[in-house]
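Coordinates from input.csv are shown below (CSV, C-alpha atoms (C1' of nucleotides)).
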chain,number,residue,atom,x,y,z
A,16,MET,CA,225.9,203.4,80.4
A,17,PRO,CA,223.8,206.6,80.7
A,18,THR,CA,223.4,208.8,77.8
A,19,GLU,CA,225.0,212.3,77.8
A,20,ARG,CA,222.0,214.5,78.0
A,21,LEU,CA,222.5,218.2,78.5
A,22,LEU,CA,220.2,219.9,81.0
A,23,LYS,CA,220.2,223.6,80.3
A,24,SER,CA,219.1,224.6,83.8
A,25,GLY,CA,218.6,228.3,84.6
A,26,ARG,CA,221.7,229.6,82.8
A,27,SER,CA,221.4,232.9,81.1
A,28,PRO,CA,221.0,232.6,77.3
A,29,LYS,CA,223.8,235.1,76.7
A,30,ALA,CA,226.4,233.5,78.8
A,31,LYS,CA,229.9,234.3,77.6
A,32,PRO,CA,231.2,231.6,75.2
A,33,SER,CA,234.6,231.4,77.1
A,34,ARG,CA,232.7,229.6,79.8
A,35,ARG,CA,232.6,226.6,77.5
A,36,ALA,CA,236.0,226.9,75.9
A,37,VAL,CA,237.5,223.8,77.6
A,38,ALA,CA,236.1,220.4,76.7
A,39,PHE,CA,237.5,217.1,78.0
A,40,PRO,CA,235.0,214.2,77.6
A,41,PRO,CA,235.8,211.2,80.0
A,42,ARG,CA,236.0,208.8,77.1
A,43,LEU,CA,239.1,210.6,76.0
A,44,SER,CA,240.6,210.7,79.4
A,45,SER,CA,243.0,207.9,80.1
A,46,GLY,CA,242.6,208.7,83.8
A,47,TYR,CA,238.9,208.0,83.6
A,48,LEU,CA,239.3,204.8,81.7
A,49,VAL,CA,241.9,203.6,84.2
A,50,ARG,CA,239.6,204.5,87.1
A,51,ASP,CA,236.7,202.6,85.6
A,52,ALA,CA,238.8,199.6,84.9
A,53,HIS,CA,240.2,199.6,88.4
A,54,ARG,CA,236.8,199.7,89.9
A,55,ALA,CA,235.7,196.8,87.7
A,56,PHE,CA,238.7,194.7,88.7
A,57,GLN,CA,238.3,195.4,92.3
A,58,ARG,CA,234.6,194.6,92.5
A,59,LEU,CA,235.2,191.2,91.0
A,60,LEU,CA,238.2,190.4,93.0
A,61,GLU,CA,236.5,191.5,96.2
A,62,ARG,CA,233.5,189.4,95.6
A,63,ARG,CA,235.5,186.2,94.8
A,64,ILE,CA,238.0,186.3,97.6
A,65,ALA,CA,235.3,187.0,100.1
A,66,ALA,CA,234.3,183.3,99.8
A,67,TYR,CA,237.7,182.5,101.4
A,68,GLY,CA,237.3,185.1,104.2
A,69,VAL,CA,239.9,187.3,102.6
A,70,THR,CA,239.4,191.0,102.1
A,71,ARG,CA,240.8,193.2,99.4
A,72,GLY,CA,243.0,195.0,101.9
A,73,GLN,CA,244.6,191.7,103.0
A,74,TRP,CA,245.0,190.4,99.4
A,75,TYR,CA,247.8,192.7,98.4
A,76,PHE,CA,249.9,191.8,101.4
A,77,LEU,CA,249.2,188.1,101.0
A,78,ARG,CA,250.4,188.3,97.5
A,79,VAL,CA,253.7,189.7,98.4
A,80,LEU,CA,254.2,187.4,101.4
A,81,TRP,CA,253.5,184.3,99.4
A,82,THR,CA,256.7,185.2,97.5
A,83,ALA,CA,258.7,186.7,100.4
A,84,ASP,CA,257.7,185.5,103.8
A,85,GLY,CA,259.3,187.1,106.8
A,86,LEU,CA,259.6,190.7,105.6
A,87,SER,CA,259.5,193.7,107.9
A,88,GLN,CA,256.5,196.0,107.9
A,89,ARG,CA,258.5,198.7,106.2
A,90,GLU,CA,259.6,196.4,103.4
A,91,LEU,CA,256.1,195.2,103.0
A,92,SER,CA,254.8,198.7,102.7
A,93,THR,CA,257.3,199.5,100.0
A,94,ARG,CA,256.6,196.4,98.0
A,95,VAL,CA,252.8,196.7,98.2
A,96,GLY,CA,253.0,200.4,97.6
A,97,MET,CA,251.1,201.5,100.6
A,98,MET,CA,251.9,203.9,103.4
A,99,GLU,CA,252.9,202.4,106.7
A,100,PRO,CA,249.8,203.2,108.7
A,101,THR,CA,247.8,201.4,106.0
A,102,THR,CA,250.1,198.4,106.3
A,103,ALA,CA,249.7,198.4,110.1
A,104,ILE,CA,245.9,198.3,109.9
A,105,ALA,CA,245.9,195.6,107.2
A,106,LEU,CA,248.3,193.5,109.2
A,107,ARG,CA,246.3,193.9,112.4
A,108,SER,CA,243.3,192.5,110.6
A,109,MET,CA,245.3,189.7,109.1
A,110,GLU,CA,246.6,188.8,112.5
A,111,ARG,CA,243.0,188.6,113.8
A,112,SER,CA,242.1,186.4,110.9
A,113,GLN,CA,245.0,184.0,111.6
A,114,LEU,CA,246.7,184.8,108.3
A,115,ILE,CA,250.0,186.1,109.8
A,116,ARG,CA,252.0,186.2,112.9
A,117,ARG,CA,254.2,189.2,113.8
A,118,LEU,CA,257.5,188.6,115.5
A,119,ARG,CA,259.9,191.3,116.8
A,120,ALA,CA,263.3,191.0,115.1
A,121,ASP,CA,266.1,189.9,117.3
A,122,ASP,CA,268.8,191.9,115.6
A,123,ASP,CA,266.9,195.1,115.6
A,124,ARG,CA,264.1,195.4,118.1
A,125,ARG,CA,262.4,198.2,116.2
A,126,LYS,CA,261.5,195.9,113.4
A,127,VAL,CA,258.6,193.5,113.2
A,128,ARG,CA,258.8,190.5,110.9
A,129,VAL,CA,255.7,189.2,109.3
A,130,PHE,CA,255.2,185.5,108.8
A,131,LEU,CA,252.4,183.6,107.1
A,132,THR,CA,250.5,181.0,109.0
A,133,ALA,CA,249.9,177.5,107.5
A,134,LYS,CA,246.3,178.6,106.8
A,135,ALA,CA,247.5,181.5,104.6
A,136,LYS,CA,250.0,179.3,102.8
A,137,ARG,CA,247.3,176.8,102.0
A,138,LEU,CA,245.2,179.5,100.4
A,139,ARG,CA,248.0,180.5,98.0
A,140,ASN,CA,247.4,178.3,94.9
A,141,GLU,CA,243.7,178.7,94.9
A,142,LEU,CA,243.7,182.4,95.3
A,143,LEU,CA,246.4,183.0,92.7
A,144,THR,CA,244.5,180.9,90.3
A,145,LEU,CA,241.4,182.9,91.0
A,146,ALA,CA,243.3,186.1,90.3
A,147,ARG,CA,244.7,184.8,87.1
A,148,ASP,CA,241.2,183.8,86.0
A,149,ILE,CA,240.0,187.4,86.5
A,150,THR,CA,242.7,188.6,84.3
A,151,ALA,CA,241.8,186.1,81.7
A,152,GLU,CA,238.2,187.1,81.8
A,153,ALA,CA,239.2,190.7,81.5
A,154,GLU,CA,241.4,190.0,78.5
A,155,ASP,CA,238.8,187.8,76.8
A,156,GLY,CA,238.5,188.6,73.0
A,157,ILE,CA,241.6,190.8,73.0
A,158,GLY,CA,244.5,189.8,70.8
A,159,PRO,CA,247.9,189.0,72.3
A,160,ARG,CA,249.5,191.8,70.4
A,161,ASP,CA,247.0,194.3,71.7
A,162,ILE,CA,247.5,193.0,75.3
A,163,ALA,CA,251.2,193.5,74.9
A,164,THR,CA,250.7,197.0,73.7
A,165,PHE,CA,248.4,197.7,76.5
A,166,ARG,CA,250.9,196.5,79.1
A,167,ARG,CA,253.7,198.5,77.6
A,168,VAL,CA,251.6,201.7,77.4
A,169,ILE,CA,250.2,201.5,80.9
A,170,THR,CA,253.6,200.7,82.3
A,171,ARG,CA,255.0,203.8,80.6
A,172,MET,CA,252.1,205.9,82.0
A,173,ILE,CA,252.8,204.7,85.5
A,174,ALA,CA,256.5,205.6,85.0
A,175,ASN,CA,255.6,209.0,83.6
A,176,LEU,CA,253.3,209.9,86.5
A,177,ASP,CA,255.6,208.5,89.2
A,178,ARG,CA,258.4,210.8,87.9
A,179,ILE,CA,256.3,213.9,88.4
A,180,VAL,CA,256.9,215.6,91.7
A,181,ASP,CA,254.9,218.9,91.8
B,19,MET,CA,261.1,200.2,92.6
B,20,PRO,CA,262.4,197.6,95.2
B,21,THR,CA,264.3,194.6,94.0
B,22,GLU,CA,262.7,191.2,94.2
B,23,ARG,CA,264.6,189.5,96.9
B,24,LEU,CA,263.5,186.2,98.3
B,25,LEU,CA,263.7,185.7,102.0
B,26,LYS,CA,263.7,182.0,102.7
B,27,SER,CA,262.4,182.3,106.3
B,28,GLY,CA,261.9,179.1,108.2
B,29,ARG,CA,260.4,176.9,105.5
B,30,SER,CA,261.3,173.3,105.4
B,31,PRO,CA,263.8,172.5,102.6
B,32,LYS,CA,261.7,169.5,101.5
B,33,ALA,CA,258.5,171.4,101.0
B,34,LYS,CA,256.2,169.8,98.4
B,35,PRO,CA,256.7,171.2,94.9
B,36,SER,CA,252.9,171.6,94.5
B,37,ARG,CA,253.0,174.5,96.9
B,38,ARG,CA,254.8,176.5,94.2
B,39,ALA,CA,252.8,175.3,91.2
B,40,VAL,CA,250.9,178.5,90.5
B,41,ALA,CA,252.8,181.6,89.6
B,42,PHE,CA,251.4,185.0,88.6
B,43,PRO,CA,253.8,187.9,88.8
B,44,PRO,CA,252.2,191.3,89.1
B,45,ARG,CA,253.9,192.6,86.0
B,46,LEU,CA,251.8,190.1,84.0
B,47,SER,CA,248.6,191.0,85.7
B,48,SER,CA,246.5,193.7,84.0
B,49,GLY,CA,244.7,194.1,87.3
B,50,TYR,CA,247.9,195.1,89.1
B,51,LEU,CA,249.0,197.4,86.3
B,52,VAL,CA,245.6,199.1,86.3
B,53,ARG,CA,245.7,199.5,90.1
B,54,ASP,CA,249.1,201.1,90.0
B,55,ALA,CA,248.1,203.4,87.2
B,56,HIS,CA,245.0,204.4,89.0
B,57,ARG,CA,246.9,205.3,92.1
B,58,ALA,CA,249.4,207.3,90.2
B,59,PHE,CA,246.6,209.3,88.5
B,60,GLN,CA,244.8,209.8,91.7
B,61,ARG,CA,247.8,211.0,93.6
B,62,LEU,CA,248.6,213.6,91.1
B,63,LEU,CA,245.0,214.8,90.6
B,64,GLU,CA,244.5,215.0,94.3
B,65,ARG,CA,247.6,217.0,94.9
B,66,ARG,CA,246.8,219.5,92.1
B,67,ILE,CA,243.2,220.2,92.8
B,68,ALA,CA,243.9,220.6,96.5
B,69,ALA,CA,245.3,224.0,95.6
B,70,TYR,CA,241.7,225.0,94.6
B,71,GLY,CA,240.2,223.6,97.8
B,72,VAL,CA,238.6,220.7,95.8
B,73,THR,CA,238.9,217.1,97.0
B,74,ARG,CA,239.0,214.0,94.8
B,75,GLY,CA,235.5,213.0,96.0
B,76,GLN,CA,234.1,216.3,94.9
B,77,TRP,CA,235.9,216.2,91.6
B,78,TYR,CA,233.9,213.5,89.9
B,79,PHE,CA,230.7,215.2,90.7
B,80,LEU,CA,231.9,218.6,89.6
B,81,ARG,CA,232.9,217.1,86.3
B,82,VAL,CA,229.4,215.8,85.6
B,83,LEU,CA,227.7,218.9,86.9
B,84,TRP,CA,229.8,221.2,84.7
B,85,THR,CA,228.1,219.5,81.8
B,86,ALA,CA,224.6,218.9,83.2
B,87,ASP,CA,223.7,221.2,86.0
B,88,GLY,CA,220.5,220.6,87.9
B,89,LEU,CA,220.5,216.8,88.0
B,90,SER,CA,218.9,214.8,90.8
B,91,GLN,CA,221.1,212.9,93.2
B,92,ARG,CA,220.0,209.6,91.6
B,93,GLU,CA,220.9,210.7,88.2
B,94,LEU,CA,224.2,212.0,89.5
B,95,SER,CA,225.0,208.7,91.1
B,96,THR,CA,224.3,206.9,87.9
B,97,ARG,CA,226.5,209.1,85.8
B,98,VAL,CA,229.4,209.3,88.2
B,99,GLY,CA,229.1,205.6,88.8
B,100,MET,CA,228.9,205.8,92.6
B,101,MET,CA,226.3,204.3,95.0
B,102,GLU,CA,223.9,206.8,96.4
B,103,PRO,CA,225.2,207.0,100.0
B,104,THR,CA,228.5,208.0,98.5
B,105,THR,CA,226.9,210.7,96.5
B,106,ALA,CA,225.0,211.9,99.5
B,107,ILE,CA,228.3,212.3,101.5
B,108,ALA,CA,230.1,214.0,98.6
B,109,LEU,CA,227.3,216.4,98.0
B,110,ARG,CA,227.1,217.3,101.7
B,111,SER,CA,230.8,218.2,101.6
B,112,MET,CA,230.3,220.2,98.4
B,113,GLU,CA,227.4,222.1,100.0
B,114,ARG,CA,229.6,222.9,103.0
B,115,SER,CA,232.3,224.1,100.5
B,116,GLN,CA,229.9,226.3,98.7
B,117,LEU,CA,230.3,224.4,95.5
B,118,ILE,CA,226.6,223.4,95.1
B,119,ARG,CA,223.1,224.2,96.3
B,120,ARG,CA,220.5,221.5,96.8
B,121,LEU,CA,216.8,222.3,96.0
B,122,ARG,CA,213.9,220.0,96.5
B,123,ALA,CA,212.1,219.5,93.1
B,124,ASP,CA,208.7,221.0,92.9
B,125,ASP,CA,207.2,218.3,90.7
B,126,ASP,CA,208.4,215.4,92.8
B,127,ARG,CA,209.2,216.2,96.4
B,128,ARG,CA,211.3,213.1,96.8
B,129,LYS,CA,213.9,214.4,94.4
B,130,VAL,CA,216.7,216.9,95.2
B,131,ARG,CA,218.1,218.9,92.4
B,132,VAL,CA,221.8,219.8,92.5
B,133,PHE,CA,222.9,223.2,91.2
B,134,LEU,CA,226.4,224.6,90.9
B,135,THR,CA,227.3,227.8,92.6
B,136,ALA,CA,229.0,230.7,90.7
B,137,LYS,CA,232.2,229.7,92.5
B,138,ALA,CA,232.0,226.2,91.1
B,139,LYS,CA,231.3,227.4,87.6
B,140,ARG,CA,234.3,229.7,87.7
B,141,LEU,CA,236.5,226.7,88.6
B,142,ARG,CA,235.5,224.8,85.5
B,143,ASN,CA,237.9,225.8,82.8
B,144,GLU,CA,241.0,225.9,85.0
B,145,LEU,CA,240.3,222.5,86.6
B,146,LEU,CA,239.4,220.8,83.3
B,147,THR,CA,242.6,222.2,81.8
B,148,LEU,CA,244.5,220.8,84.8
B,149,ALA,CA,242.9,217.4,84.3
B,150,ARG,CA,243.8,217.4,80.6
B,151,ASP,CA,247.4,218.3,81.5
B,152,ILE,CA,247.7,215.3,83.7
B,153,THR,CA,246.5,213.1,80.9
B,154,ALA,CA,249.0,214.7,78.6
B,155,GLU,CA,251.8,214.1,81.0
B,156,ALA,CA,250.8,210.5,81.5
B,157,GLU,CA,250.8,209.9,77.7
B,158,ASP,CA,254.1,211.7,77.2
B,159,GLY,CA,256.3,209.8,74.7
B,160,ILE,CA,253.6,207.3,73.7
B,161,GLY,CA,252.6,207.2,70.1
B,162,PRO,CA,249.0,208.1,69.0
B,163,ARG,CA,248.5,204.6,67.6
B,164,ASP,CA,249.5,203.0,70.9
B,165,ILE,CA,247.2,205.4,72.8
B,166,ALA,CA,244.4,204.4,70.6
B,167,THR,CA,245.1,200.7,71.1
B,168,PHE,CA,245.3,201.3,74.8
B,169,ARG,CA,241.9,203.0,74.9
B,170,ARG,CA,240.3,200.3,72.9
B,171,VAL,CA,241.8,197.5,75.0
B,172,ILE,CA,240.9,199.0,78.4
B,173,THR,CA,237.4,199.9,77.2
B,174,ARG,CA,236.9,196.3,76.2
B,175,MET,CA,238.3,195.1,79.5
B,176,ILE,CA,235.8,197.3,81.4
B,177,ALA,CA,233.0,195.8,79.3
B,178,ASN,CA,234.2,192.3,79.8
B,179,LEU,CA,234.3,192.7,83.6
B,180,ASP,CA,231.0,194.6,83.8
B,181,ARG,CA,229.3,191.8,82.1
B,182,ILE,CA,230.3,189.2,84.7
B,183,VAL,CA,227.8,188.7,87.4
B,184,ASP,CA,229.0,185.9,89.7
C,4,DC,C1',190.0,206.7,98.4
C,5,DA,C1',193.2,203.4,100.7
C,6,DT,C1',196.7,200.7,100.7
C,7,DA,C1',200.7,198.2,98.6
C,8,DG,C1',204.6,198.8,96.2
C,9,DA,C1',208.2,201.6,93.8
C,10,DA,C1',211.3,205.4,93.7
C,11,DT,C1',214.4,208.8,96.1
C,12,DG,C1',217.3,209.9,99.8
C,13,DT,C1',219.3,209.3,104.3
C,14,DT,C1',221.7,207.1,108.3
C,15,DA,C1',224.7,203.5,110.3
C,16,DG,C1',228.6,200.8,110.2
C,17,DA,C1',232.5,198.7,108.0
C,18,DA,C1',236.8,198.6,105.1
C,19,DT,C1',240.5,201.1,102.9
C,20,DG,C1',243.7,204.6,102.3
C,21,DC,C1',245.9,209.0,103.5
C,22,DT,C1',248.8,212.7,106.5
C,23,DA,C1',250.5,214.3,110.8
C,24,DA,C1',252.1,213.6,115.1
C,25,DG,C1',253.6,210.4,118.6
C,26,DT,C1',256.8,206.4,120.9
C,27,DA,C1',260.6,203.4,121.0
C,28,DT,C1',264.9,201.8,119.4
C,29,DT,C1',269.3,202.3,117.1
C,30,DA,C1',273.0,205.0,114.9
C,31,DT,C1',276.0,209.0,114.7
C,32,DC,C1',278.9,212.6,116.0
C,33,DG,C1',280.9,216.1,119.0
D,9,DC,C1',279.7,208.9,126.7
D,10,DG,C1',275.7,211.7,125.8
D,11,DA,C1',272.9,214.6,122.9
D,12,DT,C1',271.0,214.4,118.4
D,13,DA,C1',269.5,212.0,114.1
D,14,DA,C1',267.5,208.6,111.8
D,15,DT,C1',264.6,204.4,111.5
D,16,DA,C1',260.5,201.5,112.6
D,17,DC,C1',256.2,201.4,113.9
D,18,DT,C1',251.7,203.1,116.1
D,19,DT,C1',247.9,206.3,117.1
D,20,DA,C1',244.6,209.8,115.8
D,21,DG,C1',241.8,211.8,112.6
D,22,DC,C1',240.1,212.6,108.1
D,23,DA,C1',238.2,211.2,103.3
D,24,DT,C1',236.2,207.9,100.3
D,25,DT,C1',233.5,204.0,99.2
D,26,DC,C1',230.6,200.2,100.0
D,27,DT,C1',226.2,197.4,101.9
D,28,DA,C1',222.1,197.1,104.7
D,29,DA,C1',218.4,199.1,106.8
D,30,DC,C1',215.4,203.0,107.2
D,31,DA,C1',212.2,207.3,106.2
D,32,DT,C1',209.6,209.9,102.9
D,33,DT,C1',207.0,210.6,98.9
D,34,DC,C1',204.7,209.2,94.8
D,35,DT,C1',202.1,205.8,91.8
D,36,DA,C1',199.0,202.1,90.8
D,37,DT,C1',195.5,199.1,91.8
D,38,DG,C1',191.6,197.3,94.3

Output the structure of this file as structure tokens.
Amino acid sequence: MPTERLLKSGRSPKAKPSRRAVAFPPRLSSGYLVRDAHRAFQRLLERRIAAYGVTRGQWYFLRVLWTADGLSQRELSTRVGMMEPTTAIALRSMERSQLIRRLRADDDRRKVRVFLTAKAKRLRNELLTLARDITAEAEDGIGPRDIATFRRVITRMIANLDRIVD
Amino acid sequence: MPTERLLKSGRSPKAKPSRRAVAFPPRLSSGYLVRDAHRAFQRLLERRIAAYGVTRGQWYFLRVLWTADGLSQRELSTRVGMMEPTTAIALRSMERSQLIRRLRADDDRRKVRVFLTAKAKRLRNELLTLARDITAEAEDGIGPRDIATFRRVITRMIANLDRIVD
DNA sequence: CATAGAATGTTAGAATGCTAAGTATTATCG
DNA sequence: CGATAATACTTAGCATTCTAACATTCTATG
């Protein structure tokens, strides 16, 4: 981590003090901490699933489909938490990679149902284990009580933020 | 949040039990919680700074430059935690938006120093306040002790993950 | 000094995610 | 029944981020 060094640059020595009134160091910002943690998780996940020919964008959908095969694209979008164009792009790449097949629904011809291939089903246990390992490595040396508090707090933060509309 | 409904699809009723051996629900995955929180923070930040004509990609750099004007691109990349091509792209957009100027360093003509414009400096207090408000809204209803635990835990997770090389 | 290597930035190309605007199908209502 | 709405998905275009490969400039070593 780089040290916080202040370059004075060419600022006037008699700058108004109000310029500096607000301070908000990243270490005190939950948002910054969450961002850094997210990037660390992603980096590791991406590197490890690449060995199986799976990309990060495919991962989230695999994870849902392993539990609920045959969903429509709309349902998948909702569960994964992505917008539908994002889902469409991810599914196209998964179809190319032989991870899914897409079948038009008989009852409603607007809908497309997504089904895992045998290949994708075979990946399930190994990849889920891999994901659990990453979590375990992340939580290494942290007590179970603190982990529980962490989960409770971050879940509440998500709820707080999701409730805000403006 | 959508209910967990299991579509049985066309799977054989006598599938091997080993197929289901591994379970790892997202609610128990710190990685998933962190991802969701990250997206919630980003969505809100993006929406609010858009009113000032600032994008998310510019934000991280502004934040560093408000504290240390005149850094080189390499130093900026390190502090923000981005790769250099990412920095180059963000700075190009910031130059177009009149938020920064780039000046070749006299002492070392490989280096480019980045300086905030008056416009960018004027945005500082208002945008930092905005960011602090988002944090406050996220932490609403959570006790200070729990917040402290949360920060300690997530900081440790980041350290754990950053240490892993393979 | 000349040349090899290190340091700083850039360009190119891919993946991921968004919003806005389109197409096609189904449902509703006058 | 026929026009209008809503629903499901796609396309287009942008922003953000990465890795890999390049150009430019400086440093170090013979």

*Of the candidates B:Leu62, B:Met101, B:Leu121, B:Val130, which one gets nearest to chain C if we count only C-alpha atoms (C1' of nucleotides)?*
B:Val130

Report chain A as a compact mmCIF listing (two decimals) with C-alpha atoms, in the frame of the given file in the frame of chain B, after least-squares superposition over all C-alpha atoms paired in order.
# COMPACT_ATOMS: atom_id res chain seq x y z
CA MET A 16 260.93 199.90 92.44
CA PRO A 17 262.12 197.24 94.94
CA THR A 18 263.86 194.25 93.73
CA GLU A 19 262.17 190.80 94.01
CA ARG A 20 264.27 189.14 96.60
CA LEU A 21 263.18 185.80 97.95
CA LEU A 22 263.46 185.31 101.71
CA LYS A 23 263.45 181.61 102.43
CA SER A 24 262.26 181.98 106.02
CA GLY A 25 261.81 178.85 108.16
CA ARG A 26 260.16 176.68 105.49
CA SER A 27 261.01 173.06 105.50
CA PRO A 28 263.52 172.10 102.77
CA LYS A 29 261.30 169.25 101.58
CA ALA A 30 258.16 171.17 101.14
CA LYS A 31 255.90 169.63 98.53
CA PRO A 32 256.49 171.20 95.08
CA SER A 33 252.66 171.65 94.51
CA ARG A 34 252.87 174.46 97.01
CA ARG A 35 254.58 176.50 94.32
CA ALA A 36 252.68 175.30 91.30
CA VAL A 37 250.83 178.61 90.68
CA ALA A 38 252.85 181.63 89.64
CA PHE A 39 251.32 185.00 88.71
CA PRO A 40 253.91 187.86 88.84
CA PRO A 41 252.22 191.38 89.18
CA ARG A 42 253.96 192.62 86.07
CA LEU A 43 251.85 190.23 84.10
CA SER A 44 248.69 191.12 85.84
CA SER A 45 246.64 193.71 84.06
CA GLY A 46 244.78 194.25 87.34
CA TYR A 47 247.99 195.25 89.05
CA LEU A 48 249.09 197.55 86.31
CA VAL A 49 245.68 199.23 86.31
CA ARG A 50 245.82 199.62 90.10
CA ASP A 51 249.24 201.21 89.97
CA ALA A 52 248.25 203.55 87.24
CA HIS A 53 245.12 204.58 89.08
CA ARG A 54 247.04 205.36 92.16
CA ALA A 55 249.50 207.45 90.15
CA PHE A 56 246.71 209.42 88.49
CA GLN A 57 244.92 210.03 91.66
CA ARG A 58 247.92 211.25 93.64
CA LEU A 59 248.64 213.86 91.02
CA LEU A 60 245.15 214.95 90.55
CA GLU A 61 244.60 215.19 94.29
CA ARG A 62 247.62 217.28 94.83
CA ARG A 63 246.79 219.78 92.01
CA ILE A 64 243.15 220.36 92.74
CA ALA A 65 243.86 220.85 96.38
CA ALA A 66 245.25 224.31 95.47
CA TYR A 67 241.65 225.23 94.48
CA GLY A 68 240.11 223.79 97.69
CA VAL A 69 238.66 220.90 95.76
CA THR A 70 238.95 217.33 96.92
CA ARG A 71 239.09 214.21 94.84
CA GLY A 72 235.69 213.13 96.08
CA GLN A 73 234.11 216.41 94.89
CA TRP A 74 235.97 216.36 91.52
CA TYR A 75 234.00 213.57 89.96
CA PHE A 76 230.68 215.19 90.72
CA LEU A 77 231.88 218.59 89.56
CA ARG A 78 232.86 217.09 86.32
CA VAL A 79 229.50 215.72 85.60
CA LEU A 80 227.64 218.83 86.80
CA TRP A 81 229.68 221.13 84.64
CA THR A 82 228.05 219.29 81.70
CA ALA A 83 224.61 218.65 83.26
CA ASP A 84 223.63 221.03 85.98
CA GLY A 85 220.45 220.37 87.87
CA LEU A 86 220.49 216.57 88.01
CA SER A 87 218.95 214.55 90.81
CA GLN A 88 221.15 212.73 93.29
CA ARG A 89 220.19 209.41 91.79
CA GLU A 90 221.12 210.49 88.29
CA LEU A 91 224.34 211.87 89.56
CA SER A 92 225.19 208.64 91.26
CA THR A 93 224.59 206.70 88.08
CA ARG A 94 226.63 209.00 85.93
CA VAL A 95 229.59 209.21 88.33
CA GLY A 96 229.37 205.52 89.02
CA MET A 97 229.10 205.72 92.72
CA MET A 98 226.60 204.33 95.19
CA GLU A 99 224.08 206.74 96.59
CA PRO A 100 225.39 207.01 100.12
CA THR A 101 228.75 208.00 98.61
CA THR A 102 227.03 210.65 96.52
CA ALA A 103 225.20 211.98 99.61
CA ILE A 104 228.43 212.42 101.57
CA ALA A 105 230.25 214.04 98.63
CA LEU A 106 227.38 216.41 98.06
CA ARG A 107 227.16 217.34 101.74
CA SER A 108 230.78 218.37 101.61
CA MET A 109 230.30 220.26 98.40
CA GLU A 110 227.41 222.11 99.92
CA ARG A 111 229.64 223.13 102.86
CA SER A 112 232.25 224.31 100.45
CA GLN A 113 229.75 226.46 98.52
CA LEU A 114 230.14 224.42 95.35
CA ILE A 115 226.46 223.34 95.05
CA ARG A 116 223.05 224.08 96.28
CA ARG A 117 220.42 221.33 96.73
CA LEU A 118 216.83 222.10 95.93
CA ARG A 119 213.84 219.75 96.47
CA ALA A 120 212.06 219.09 93.16
CA ASP A 121 208.64 220.55 92.86
CA ASP A 122 207.18 217.81 90.73
CA ASP A 123 208.39 215.02 92.89
CA ARG A 124 209.23 215.90 96.45
CA ARG A 125 211.39 212.83 96.93
CA LYS A 126 213.96 214.13 94.56
CA VAL A 127 216.70 216.62 95.24
CA ARG A 128 218.17 218.63 92.38
CA VAL A 129 221.75 219.65 92.49
CA PHE A 130 222.84 222.99 91.15
CA LEU A 131 226.30 224.50 90.81
CA THR A 132 227.05 227.78 92.44
CA ALA A 133 228.77 230.62 90.47
CA LYS A 134 231.99 229.75 92.35
CA ALA A 135 231.94 226.16 91.00
CA LYS A 136 231.16 227.33 87.48
CA ARG A 137 234.09 229.70 87.57
CA LEU A 138 236.42 226.87 88.47
CA ARG A 139 235.38 224.81 85.41
CA ASN A 140 237.86 225.89 82.68
CA GLU A 141 240.84 225.92 84.91
CA LEU A 142 240.22 222.60 86.46
CA LEU A 143 239.42 220.86 83.18
CA THR A 144 242.56 222.22 81.74
CA LEU A 145 244.48 220.93 84.70
CA ALA A 146 242.97 217.50 84.18
CA ARG A 147 243.78 217.48 80.54
CA ASP A 148 247.38 218.42 81.36
CA ILE A 149 247.68 215.36 83.63
CA THR A 150 246.59 213.20 80.86
CA ALA A 151 249.07 214.76 78.57
CA GLU A 152 251.85 214.25 81.02
CA ALA A 153 250.81 210.68 81.44
CA GLU A 154 250.79 210.07 77.71
CA ASP A 155 254.11 211.84 77.16
CA GLY A 156 256.43 209.85 74.74
CA ILE A 157 253.65 207.45 73.73
CA GLY A 158 252.64 207.32 70.10
CA PRO A 159 249.10 208.20 69.03
CA ARG A 160 248.57 204.76 67.64
CA ASP A 161 249.60 203.14 70.88
CA ILE A 162 247.29 205.52 72.86
CA ALA A 163 244.44 204.51 70.64
CA THR A 164 245.15 200.88 71.20
CA PHE A 165 245.37 201.43 74.85
CA ARG A 166 241.98 203.15 74.98
CA ARG A 167 240.33 200.47 72.94
CA VAL A 168 241.81 197.64 75.07
CA ILE A 169 241.00 199.16 78.42
CA THR A 170 237.51 200.01 77.28
CA ARG A 171 236.99 196.38 76.26
CA MET A 172 238.34 195.21 79.66
CA ILE A 173 235.92 197.44 81.49
CA ALA A 174 233.08 196.02 79.33
CA ASN A 175 234.24 192.47 79.93
CA LEU A 176 234.38 192.86 83.72
CA ASP A 177 231.12 194.83 83.97
CA ARG A 178 229.32 191.93 82.19
CA ILE A 179 230.42 189.43 84.80
CA VAL A 180 227.88 188.89 87.52
CA ASP A 181 229.10 186.06 89.84

What residues in chain C have any atom no more than 10 Å from chain A when counting all atoms listed in the file, and can you write them as a tab-separated table (two decimals) with C-alpha atoms (C1' of nucleotides), in the coordinates of the input?
chain	number	residue	atom	x	y	z
C	18	DA	C1'	236.80	198.60	105.10
C	19	DT	C1'	240.50	201.10	102.90
C	20	DG	C1'	243.70	204.60	102.30
C	21	DC	C1'	245.90	209.00	103.50
C	22	DT	C1'	248.80	212.70	106.50
C	27	DA	C1'	260.60	203.40	121.00
C	28	DT	C1'	264.90	201.80	119.40
C	29	DT	C1'	269.30	202.30	117.10

*asked:* Between B:Leu46, B:Ala106, B:Val171, B:Val82, which residue has the minimum interatomic distance to chain D, considering only C-alpha atoms (C1' of nucleotides)?
replied: B:Ala106

*May I ask for the distance between atom CA of Gly161 of chain B and atom CA of Arg171 of chain A, given in Å to one decimal place?*
11.3 Å

*Among listed residues A:Ala83, A:Val95, A:Arg63, A:Arg128, nearest chain B (using all atoms listed in the file)*: A:Ala83
